[in-house]
file model_10.cif (mmCIF, C-alpha atoms)
data_final
loop_
_atom_site.label_atom_id
_atom_site.label_comp_id
_atom_site.auth_asym_id
_atom_site.auth_seq_id
_atom_site.Cartn_x
_atom_site.Cartn_y
_atom_site.Cartn_z
CA MET A 6 133.49 -222.04 0.14
CA SER A 7 135.62 -218.93 -0.51
CA ASP A 8 135.27 -217.15 -3.84
CA PHE A 9 138.95 -216.13 -3.81
CA LEU A 10 141.11 -216.99 -6.81
CA SER A 11 144.71 -217.99 -6.16
CA CYS A 12 147.86 -217.93 -8.25
CA ALA A 13 147.43 -221.66 -8.90
CA ASP A 14 143.94 -221.06 -10.30
CA LEU A 15 145.27 -218.49 -12.75
CA VAL A 16 148.22 -220.66 -13.79
CA THR A 17 145.70 -223.33 -14.81
CA ASP A 18 143.71 -220.78 -16.81
CA LEU A 19 146.79 -219.29 -18.47
CA SER A 20 147.97 -222.72 -19.51
CA GLN A 21 144.52 -223.52 -20.87
CA ILE A 22 144.45 -220.44 -23.09
CA GLY A 23 147.89 -221.23 -24.48
CA VAL A 24 150.57 -219.43 -22.46
CA ARG A 25 153.64 -221.67 -22.39
CA ALA A 26 157.04 -221.92 -20.74
CA SER A 27 159.62 -219.56 -22.32
CA ASP A 28 156.92 -217.38 -23.92
CA VAL A 29 157.38 -213.63 -24.30
CA VAL A 30 153.95 -212.22 -23.49
CA MET A 31 152.65 -208.67 -23.61
CA VAL A 32 149.71 -208.41 -21.24
CA HIS A 33 146.78 -205.99 -21.02
CA ALA A 34 144.32 -206.49 -18.18
CA ALA A 35 141.11 -205.03 -16.82
CA MET A 36 141.69 -206.27 -13.29
CA SER A 37 138.14 -205.56 -12.12
CA THR A 38 136.90 -208.31 -14.46
CA VAL A 39 139.23 -211.06 -13.28
CA GLY A 40 137.56 -211.83 -9.97
CA ASN A 41 138.45 -211.77 -6.30
CA LEU A 42 142.20 -212.38 -6.38
CA ILE A 43 143.65 -213.30 -3.03
CA ASN A 44 146.62 -210.92 -3.49
CA GLY A 45 145.15 -208.53 -6.05
CA PRO A 46 147.02 -207.76 -9.29
CA ASP A 47 150.20 -209.35 -7.92
CA THR A 48 148.39 -212.69 -8.19
CA LEU A 49 148.09 -212.30 -11.96
CA ILE A 50 151.72 -211.19 -12.27
CA ASP A 51 152.90 -214.14 -10.19
CA ALA A 52 150.77 -216.53 -12.24
CA LEU A 53 152.16 -215.17 -15.50
CA LEU A 54 155.74 -215.50 -14.26
CA ARG A 55 155.15 -219.04 -13.06
CA THR A 56 153.55 -220.03 -16.35
CA VAL A 57 156.30 -218.66 -18.62
CA GLY A 58 158.98 -219.83 -16.19
CA PRO A 59 162.53 -218.52 -15.69
CA SER A 60 163.23 -218.41 -19.45
CA GLY A 61 160.05 -216.45 -20.24
CA THR A 62 159.26 -212.73 -20.11
CA ILE A 63 156.24 -210.55 -19.38
CA MET A 64 155.78 -207.03 -20.78
CA ALA A 65 153.17 -204.30 -20.36
CA TYR A 66 152.58 -200.82 -21.78
CA THR A 67 153.15 -198.20 -19.09
CA ASP A 68 153.24 -194.85 -20.94
CA TRP A 69 153.61 -192.25 -18.14
CA ASP A 70 151.36 -190.00 -16.13
CA ALA A 71 152.20 -186.82 -18.07
CA ARG A 72 149.41 -184.53 -16.95
CA TYR A 73 151.48 -181.50 -17.98
CA GLU A 74 150.51 -182.06 -21.63
CA ALA A 75 147.30 -180.10 -20.97
CA LEU A 76 149.57 -177.02 -20.81
CA LEU A 77 151.07 -177.44 -24.28
CA ASP A 78 150.54 -174.55 -26.70
CA GLU A 79 149.94 -174.81 -30.44
CA THR A 80 153.66 -175.36 -31.05
CA GLY A 81 153.81 -178.27 -28.58
CA ARG A 82 155.71 -176.31 -25.96
CA VAL A 83 155.02 -175.55 -22.32
CA PRO A 84 154.77 -171.87 -21.29
CA ALA A 85 158.04 -170.60 -19.83
CA GLY A 86 156.48 -169.98 -16.44
CA TRP A 87 155.71 -173.66 -16.04
CA ARG A 88 158.91 -175.26 -17.29
CA ASP A 89 160.72 -175.21 -13.94
CA ARG A 90 157.65 -176.52 -12.10
CA ILE A 91 157.26 -179.82 -13.98
CA SER A 92 159.14 -182.96 -12.98
CA GLY A 93 161.04 -184.76 -15.71
CA PHE A 94 160.42 -188.30 -16.85
CA ASP A 95 162.45 -190.81 -14.85
CA PRO A 96 162.08 -194.47 -15.91
CA GLN A 97 162.78 -195.55 -12.33
CA ARG A 98 160.25 -193.29 -10.65
CA SER A 99 157.62 -191.89 -13.02
CA ARG A 100 154.25 -193.54 -12.60
CA ALA A 101 152.53 -195.51 -15.33
CA VAL A 102 149.59 -193.69 -16.88
CA ARG A 103 146.42 -194.30 -14.88
CA ASP A 104 144.19 -194.67 -17.93
CA HIS A 105 145.59 -198.15 -18.68
CA GLY A 106 144.46 -199.66 -15.40
CA VAL A 107 146.49 -200.75 -12.40
CA LEU A 108 148.43 -203.70 -13.79
CA PRO A 109 151.21 -201.75 -15.58
CA GLU A 110 152.15 -199.87 -12.41
CA PHE A 111 152.07 -203.09 -10.38
CA LEU A 112 154.34 -204.74 -12.94
CA ARG A 113 156.65 -201.70 -13.14
CA THR A 114 157.21 -201.80 -9.39
CA THR A 115 157.69 -205.57 -9.17
CA PRO A 116 161.30 -206.31 -8.11
CA GLY A 117 163.39 -207.09 -11.17
CA ALA A 118 161.21 -205.20 -13.65
CA LEU A 119 162.90 -202.91 -16.19
CA ARG A 120 161.42 -199.95 -18.05
CA SER A 121 162.25 -198.40 -21.41
CA ASP A 122 163.43 -194.81 -21.80
CA ASN A 123 160.75 -193.45 -24.17
CA PRO A 124 158.14 -191.74 -21.96
CA GLY A 125 154.99 -191.94 -24.09
CA ALA A 126 155.72 -195.36 -25.62
CA SER A 127 157.22 -196.64 -22.38
CA MET A 128 157.13 -200.39 -21.73
CA THR A 129 158.03 -202.36 -18.64
CA ALA A 130 159.20 -205.96 -18.70
CA ILE A 131 160.34 -208.65 -16.32
CA GLY A 132 162.01 -211.96 -17.04
CA ALA A 133 164.78 -213.48 -19.09
CA ARG A 134 164.54 -211.14 -22.09
CA ALA A 135 163.39 -208.00 -20.29
CA ASP A 136 166.63 -206.09 -20.80
CA TRP A 137 166.68 -206.85 -24.53
CA LEU A 138 163.03 -205.90 -24.95
CA VAL A 139 163.30 -202.44 -23.37
CA ALA A 140 166.88 -201.45 -24.26
CA ASP A 141 167.71 -198.52 -26.55
CA HIS A 142 164.11 -197.38 -26.95
CA ALA A 143 164.24 -194.44 -29.40
CA LEU A 144 162.83 -191.15 -28.11
CA ASP A 145 161.25 -190.38 -31.50
CA TYR A 146 158.85 -192.77 -33.22
CA GLY A 147 158.89 -195.10 -30.26
CA TYR A 148 156.34 -197.53 -31.73
CA GLY A 149 158.44 -198.23 -34.83
CA PRO A 150 161.34 -200.52 -35.76
CA GLY A 151 163.64 -201.39 -32.88
CA SER A 152 160.95 -200.61 -30.30
CA PRO A 153 159.86 -203.06 -27.59
CA LEU A 154 156.81 -203.82 -29.75
CA ALA A 155 159.02 -204.66 -32.72
CA ARG A 156 161.15 -206.88 -30.49
CA LEU A 157 158.05 -208.62 -29.13
CA VAL A 158 157.24 -209.63 -32.71
CA GLU A 159 160.86 -210.55 -33.44
CA ALA A 160 160.90 -212.82 -30.38
CA GLY A 161 157.84 -214.75 -31.58
CA GLY A 162 155.87 -213.23 -28.72
CA LYS A 163 152.20 -213.26 -27.85
CA VAL A 164 149.65 -210.64 -26.77
CA LEU A 165 147.32 -211.52 -23.91
CA MET A 166 144.14 -209.53 -23.25
CA VAL A 167 142.76 -210.39 -19.80
CA GLY A 168 139.29 -208.87 -19.79
CA ALA A 169 140.73 -205.90 -21.69
CA PRO A 170 138.70 -204.42 -24.57
CA HIS A 171 139.96 -205.16 -28.05
CA ASP A 172 140.55 -201.46 -28.71
CA THR A 173 143.33 -201.38 -26.11
CA MET A 174 145.73 -203.68 -28.00
CA THR A 175 148.87 -201.54 -28.07
CA LEU A 176 150.57 -203.66 -30.74
CA ILE A 177 148.33 -201.95 -33.30
CA HIS A 178 150.28 -198.72 -32.72
CA HIS A 179 153.26 -200.57 -34.22
CA ALA A 180 151.08 -201.44 -37.21
CA GLU A 181 150.08 -197.76 -37.55
CA HIS A 182 153.77 -196.89 -37.80
CA LEU A 183 154.55 -199.58 -40.37
CA ALA A 184 151.46 -199.31 -42.58
CA ASP A 185 151.95 -197.53 -45.91
CA ILE A 186 149.02 -195.11 -45.80
CA PRO A 187 148.91 -191.39 -46.65
CA ASN A 188 148.38 -188.33 -44.46
CA LYS A 189 149.58 -189.77 -41.17
CA ARG A 190 149.27 -187.24 -38.39
CA ILE A 191 152.51 -186.27 -36.68
CA LYS A 192 152.73 -184.99 -33.13
CA ARG A 193 155.65 -182.82 -31.99
CA TRP A 194 155.79 -181.85 -28.34
CA ALA A 195 158.18 -180.88 -25.59
CA VAL A 196 159.05 -183.62 -23.09
CA PRO A 197 160.87 -183.10 -19.78
CA PHE A 198 163.54 -185.65 -18.88
CA ALA A 199 165.04 -185.97 -15.42
CA GLY A 200 168.83 -185.60 -15.45
CA PRO A 201 171.64 -185.36 -12.90
CA ASP A 202 171.61 -181.57 -13.22
CA GLY A 203 167.85 -181.13 -13.29
CA THR A 204 165.14 -181.34 -15.92
CA VAL A 205 166.12 -181.23 -19.58
CA TRP A 206 163.44 -180.42 -22.17
CA ARG A 207 163.52 -182.11 -25.58
CA MET A 208 161.17 -181.88 -28.56
CA CYS A 209 159.91 -185.34 -29.49
CA GLU A 210 158.14 -186.54 -32.62
CA GLU A 211 155.72 -189.41 -33.15
CA PHE A 212 152.84 -190.48 -35.33
CA ASP A 213 149.89 -189.20 -33.32
CA THR A 214 148.39 -192.13 -31.40
CA SER A 215 145.84 -190.06 -29.46
CA ASP A 216 143.22 -190.52 -32.19
CA ALA A 217 143.07 -192.02 -35.68
CA VAL A 218 146.57 -192.02 -37.17
CA ALA A 219 145.24 -190.46 -40.41
CA PRO A 220 142.14 -188.36 -41.15
CA GLN A 221 140.67 -190.90 -43.58
CA LEU A 222 140.29 -193.25 -40.59
CA ASP A 223 138.44 -190.72 -38.42
CA GLY A 224 135.25 -192.08 -36.88
CA ILE A 225 136.28 -195.73 -37.37
CA ASP A 226 136.91 -197.91 -34.34
CA TYR A 227 139.64 -199.64 -36.28
CA PHE A 228 141.47 -201.21 -33.34
CA THR A 229 138.31 -203.21 -32.55
CA ALA A 230 137.69 -203.92 -36.25
CA ILE A 231 141.23 -205.20 -36.73
CA VAL A 232 141.15 -207.54 -33.72
CA THR A 233 137.62 -208.77 -34.51
CA SER A 234 138.45 -209.53 -38.13
CA HIS A 235 141.60 -211.36 -37.03
CA LEU A 236 139.50 -213.59 -34.78
CA GLU A 237 137.01 -214.18 -37.58
CA LYS A 238 139.86 -215.77 -39.54
CA GLY A 239 140.09 -218.39 -36.82
CA ARG A 240 143.22 -216.99 -35.26
CA GLY A 241 143.83 -216.46 -31.59
CA ARG A 242 142.48 -218.36 -28.61
CA GLN A 243 139.66 -217.20 -26.35
CA ASP A 244 138.91 -218.49 -22.87
CA LYS A 245 138.48 -217.24 -19.33
CA ILE A 246 141.25 -216.24 -16.97
CA GLY A 247 139.57 -216.12 -13.61
CA ALA A 248 136.21 -214.60 -14.44
CA ALA A 249 137.57 -212.47 -17.30
CA GLY A 250 136.89 -213.27 -20.92
CA SER A 251 140.38 -213.30 -22.39
CA LEU A 252 142.22 -213.49 -25.71
CA LEU A 253 145.68 -214.72 -26.68
CA VAL A 254 147.13 -213.97 -30.13
CA ASP A 255 150.43 -214.49 -31.88
CA ALA A 256 152.05 -211.04 -32.12
CA LYS A 257 153.50 -211.54 -35.62
CA GLN A 258 150.23 -212.79 -37.09
CA MET A 259 148.34 -209.96 -35.39
CA LEU A 260 150.77 -207.34 -36.67
CA GLU A 261 150.68 -208.62 -40.24
CA HIS A 262 146.89 -208.63 -40.21
CA ALA A 263 146.76 -205.13 -38.74
CA VAL A 264 149.17 -203.67 -41.30
CA ALA A 265 147.23 -205.28 -44.16
CA TRP A 266 143.91 -204.00 -42.75
CA LEU A 267 145.22 -200.45 -42.43
CA GLU A 268 146.70 -200.45 -45.93
CA ARG A 269 143.46 -201.82 -47.38
CA ASN A 270 141.14 -199.43 -45.54
CA GLY A 271 143.34 -196.38 -45.00
CA GLN A 272 144.00 -195.18 -48.54
#

call {"tool": "encode", "arguments": {"input": "model_10.cif", "output": "structure tokens"}}
result
Amino acid sequence: MSDFLSCADLVTDLSQIGVRASDVVMVHAAMSTVGNLINGPDTLIDALLRTVGPSGTIMAYTDWDARYEALLDETGRVPAGWRDRISGFDPQRSRAVRDHGVLPEFLRTTPGALRSDNPGASMTAIGARADWLVADHALDYGYGPGSPLARLVEAGGKVLMVGAPHDTMTLIHHAEHLADIPNKRIKRWAVPFAGPDGTVWRMCEEFDTSDAVAPQLDGIDYFTAIVTSHLEKGRGRQDKIGAAGSLLVDAKQMLEHAVAWLERNGQ
């Protein structure tokens, strides 16, 4: 008997955990935990699309593979000698960041997928509401109101973690933006954008998501704490997708819990 998992197997598992037709689902996945998929990550993408159907939508966090940031000086700028040697961000061509696993790049390059214009907060989506989710993504504060994350919540969407650690739930970056806590760190840095006449550099600004959003939260694994405490309230559904322990949560409930947690613990 083969140990391969097919699209049909994953559709059964996705339905069991609570993914439904017409859902808008943001997915995070550690593909190495799912099992021996007969067509690799495309099997999970196909299963998700079949489960949500033609009126549903799938989204993932792509970011971008901006290795040039190691060159930034203390003002957030790239030395002049490097500026003409760095390719600009192009939503159609720039690769998803490698640190988030392989699924975002597979989804980004699936025919019909669309990608938002903010490089660092970049999202890719496919399905009925993909264009609405990724449109008009602000270049500053790209995890805030009007962002794809905000629209996920507005749409009554869900977040699916397929074997992915709790501390990788990107929706919590939206909560960091919204939470009323003091001393939020702000990052300002130069970003190259590909244009018809070459690369154009622009200074961008964002609450710093590379570490704790505020110094009073330093040393606290608060992404994990937020998700764990949400589950302890009896919210969310846990089951296996393939071989991967997985979690499905309502995005609005998760966001409200995360904002409340940050405001309670981040003063």

call {"tool": "residues_around", "arguments": {"input": "model_10.cif", "residues": "A:Val32", "least_positions_apart": "6", "cutoff": "7 Å", "atoms": "all atoms listed in the file", "output": "PDB file with C-alpha atoms, in the frame of the given file"}}
result
ATOM      1  CA  MET A  64     155.780-207.030 -20.780  1.00  0.00           C
ATOM      2  CA  ALA A  65     153.170-204.300 -20.360  1.00  0.00           C
ATOM      3  CA  VAL A 164     149.650-210.640 -26.770  1.00  0.00           C
ATOM      4  CA  LEU A 165     147.320-211.520 -23.910  1.00  0.00           C
ATOM      5  CA  MET A 166     144.140-209.530 -23.250  1.00  0.00           C
TER       6      MET A 166
END

call {"tool": "closest_atom_pairs", "arguments": {"input": "model_10.cif", "of": "stretch 201-270 of chain A", "to": "stretch 129-152 of chain A", "cutoff": "10 Å", "atoms": "only C-alpha atoms", "output": "CSV"}}
result
residue,atom,partner,partner_atom,distance
A:Arg207,CA,A:Leu144,CA,9.4
A:Met208,CA,A:Asp145,CA,9.0
A:Cys209,CA,A:Asp145,CA,5.6
A:Glu210,CA,A:Asp145,CA,5.1
A:Glu211,CA,A:Tyr146,CA,4.6
A:Phe212,CA,A:Tyr146,CA,6.8
A:Asp213,CA,A:Tyr146,CA,9.6
A:Thr214,CA,A:Tyr148,CA,9.6

call {"tool": "atom_distance", "arguments": {"input": "model_10.cif", "atom1": "atom CA of A:Asp89", "atom2": "atom CA of A:Ala75"}}
result
15.9 Å

call {"tool": "resolve_selection", "arguments": {"input": "model_10.cif", "expression": "the PyMOL selection byres ((chain A and resi 93-101) around 6)", "output": "mmCIF file with C-alpha atoms, keeping the file's coordinate frame"}}
result
data_model
loop_
_atom_site.group_PDB
_atom_site.id
_atom_site.type_symbol
_atom_site.label_atom_id
_atom_site.label_comp_id
_atom_site.auth_asym_id
_atom_site.auth_seq_id
_atom_site.Cartn_x
_atom_site.Cartn_y
_atom_site.Cartn_z
ATOM 1 C CA THR A 67 153.150 -198.200 -19.090
ATOM 2 C CA ASP A 68 153.240 -194.850 -20.940
ATOM 3 C CA TRP A 69 153.610 -192.250 -18.140
ATOM 4 C CA ASP A 70 151.360 -190.000 -16.130
ATOM 5 C CA SER A 92 159.140 -182.960 -12.980
ATOM 6 C CA VAL A 102 149.590 -193.690 -16.880
ATOM 7 C CA GLU A 110 152.150 -199.870 -12.410
ATOM 8 C CA ARG A 120 161.420 -199.950 -18.050
ATOM 9 C CA PRO A 197 160.870 -183.100 -19.780
ATOM 10 C CA PHE A 198 163.540 -185.650 -18.880
ATOM 11 C CA ALA A 199 165.040 -185.970 -15.420
ATOM 12 C CA THR A 204 165.140 -181.340 -15.920
#

call {"tool": "closest_residue", "arguments": {"input": "model_10.cif", "among": "A:Thr115, A:Thr229, A:Ser60, A:Ser127", "to": "A:Asp28", "atoms": "all atoms listed in the file"}}
result
A:Ser60

call {"tool": "residues_around", "arguments": {"input": "model_10.cif", "residues": "A:Ala85", "least_positions_apart": "4", "cutoff": "12 Å", "atoms": "only C-alpha atoms", "output": "PyMOL selection string"}}
result
chain A and resi 76-78+89-91+195+206

call {"tool": "residues_around", "arguments": {"input": "model_10.cif", "residues": "stretch 217-228 of chain A", "least_positions_apart": "2", "cutoff": "10 Å", "atoms": "only C-alpha atoms", "output": "ChimeraX atom specification"}}
result
/A:170-178,181-182,186-191,212-215,230-233,263,266-267,270-272

call {"tool": "closest_residue", "arguments": {"input": "model_10.cif", "among": "A:Gly81, A:Tyr66, A:Asp47, A:Ala13", "to": "A:Ser121", "atoms": "all atoms listed in the file"}}
result
A:Tyr66

call {"tool": "atom_distance", "arguments": {"input": "model_10.cif", "atom1": "atom CA of A:Leu119", "atom2": "atom CA of A:Thr62"}}
result
11.2 Å

call {"tool": "residues_around", "arguments": {"input": "model_10.cif", "residues": "A:Val57", "least_positions_apart": "2", "cutoff": "9 Å", "atoms": "all atoms listed in the file", "output": "ChimeraX atom specification"}}
result
/A:24-30,52-55,59-63,132

call {"tool": "write_last_selection", "arguments": {"input": "model_10.cif", "atoms": "C-alpha atoms", "output": "mmCIF file, in the coordinates of the input"}}
result
data_model
loop_
_atom_site.group_PDB
_atom_site.id
_atom_site.type_symbol
_atom_site.label_atom_id
_atom_site.label_comp_id
_atom_site.auth_asym_id
_atom_site.auth_seq_id
_atom_site.Cartn_x
_atom_site.Cartn_y
_atom_site.Cartn_z
ATOM 1 C CA VAL A 24 150.570 -219.430 -22.460
ATOM 2 C CA ARG A 25 153.640 -221.670 -22.390
ATOM 3 C CA ALA A 26 157.040 -221.920 -20.740
ATOM 4 C CA SER A 27 159.620 -219.560 -22.320
ATOM 5 C CA ASP A 28 156.920 -217.380 -23.920
ATOM 6 C CA VAL A 29 157.380 -213.630 -24.300
ATOM 7 C CA VAL A 30 153.950 -212.220 -23.490
ATOM 8 C CA ALA A 52 150.770 -216.530 -12.240
ATOM 9 C CA LEU A 53 152.160 -215.170 -15.500
ATOM 10 C CA LEU A 54 155.740 -215.500 -14.260
ATOM 11 C CA ARG A 55 155.150 -219.040 -13.060
ATOM 12 C CA PRO A 59 162.530 -218.520 -15.690
ATOM 13 C CA SER A 60 163.230 -218.410 -19.450
ATOM 14 C CA GLY A 61 160.050 -216.450 -20.240
ATOM 15 C CA THR A 62 159.260 -212.730 -20.110
ATOM 16 C CA ILE A 63 156.240 -210.550 -19.380
ATOM 17 C CA GLY A 132 162.010 -211.960 -17.040
#

call {"tool": "atom_distance", "arguments": {"input": "model_10.cif", "atom1": "atom CA of A:Arg113", "atom2": "atom CA of A:Met128"}}
result
8.7 Å

call {"tool": "residues_near_point", "arguments": {"input": "model_10.cif", "point": "(147.8, -219.7, -8.8)", "cutoff": "9 Å", "atoms": "all atoms listed in the file", "output": "ChimeraX atom specification"}}
result
/A:10-17,48-49,51-52,55

call {"tool": "write_last_selection", "arguments": {"input": "model_10.cif", "atoms": "C-alpha atoms", "output": "PDB file, in the frame of the given file"}}
result
ATOM      1  CA  LEU A  10     141.110-216.990  -6.810  1.00  0.00           C
ATOM      2  CA  SER A  11     144.710-217.990  -6.160  1.00  0.00           C
ATOM      3  CA  CYS A  12     147.860-217.930  -8.250  1.00  0.00           C
ATOM      4  CA  ALA A  13     147.430-221.660  -8.900  1.00  0.00           C
ATOM      5  CA  ASP A  14     143.940-221.060 -10.300  1.00  0.00           C
ATOM      6  CA  LEU A  15     145.270-218.490 -12.750  1.00  0.00           C
ATOM      7  CA  VAL A  16     148.220-220.660 -13.790  1.00  0.00           C
ATOM      8  CA  THR A  17     145.700-223.330 -14.810  1.00  0.00           C
ATOM      9  CA  THR A  48     148.390-212.690  -8.190  1.00  0.00           C
ATOM     10  CA  LEU A  49     148.090-212.300 -11.960  1.00  0.00           C
ATOM     11  CA  ASP A  51     152.900-214.140 -10.190  1.00  0.00           C
ATOM     12  CA  ALA A  52     150.770-216.530 -12.240  1.00  0.00           C
ATOM     13  CA  ARG A  55     155.150-219.040 -13.060  1.00  0.00           C
TER      14      ARG A  55
END

call {"tool": "residues_around", "arguments": {"input": "model_10.cif", "residues": "A:Val167", "least_positions_apart": "6", "cutoff": "7 Å", "atoms": "all atoms listed in the file", "output": "ChimeraX atom specification"}}
result
/A:33-35,246,249-252

call {"tool": "closest_residue", "arguments": {"input": "model_10.cif", "among": "A:Met36, A:Gly168, A:Gly162, A:Leu183", "to": "A:His262", "atoms": "all atoms listed in the file"}}
result
A:Leu183
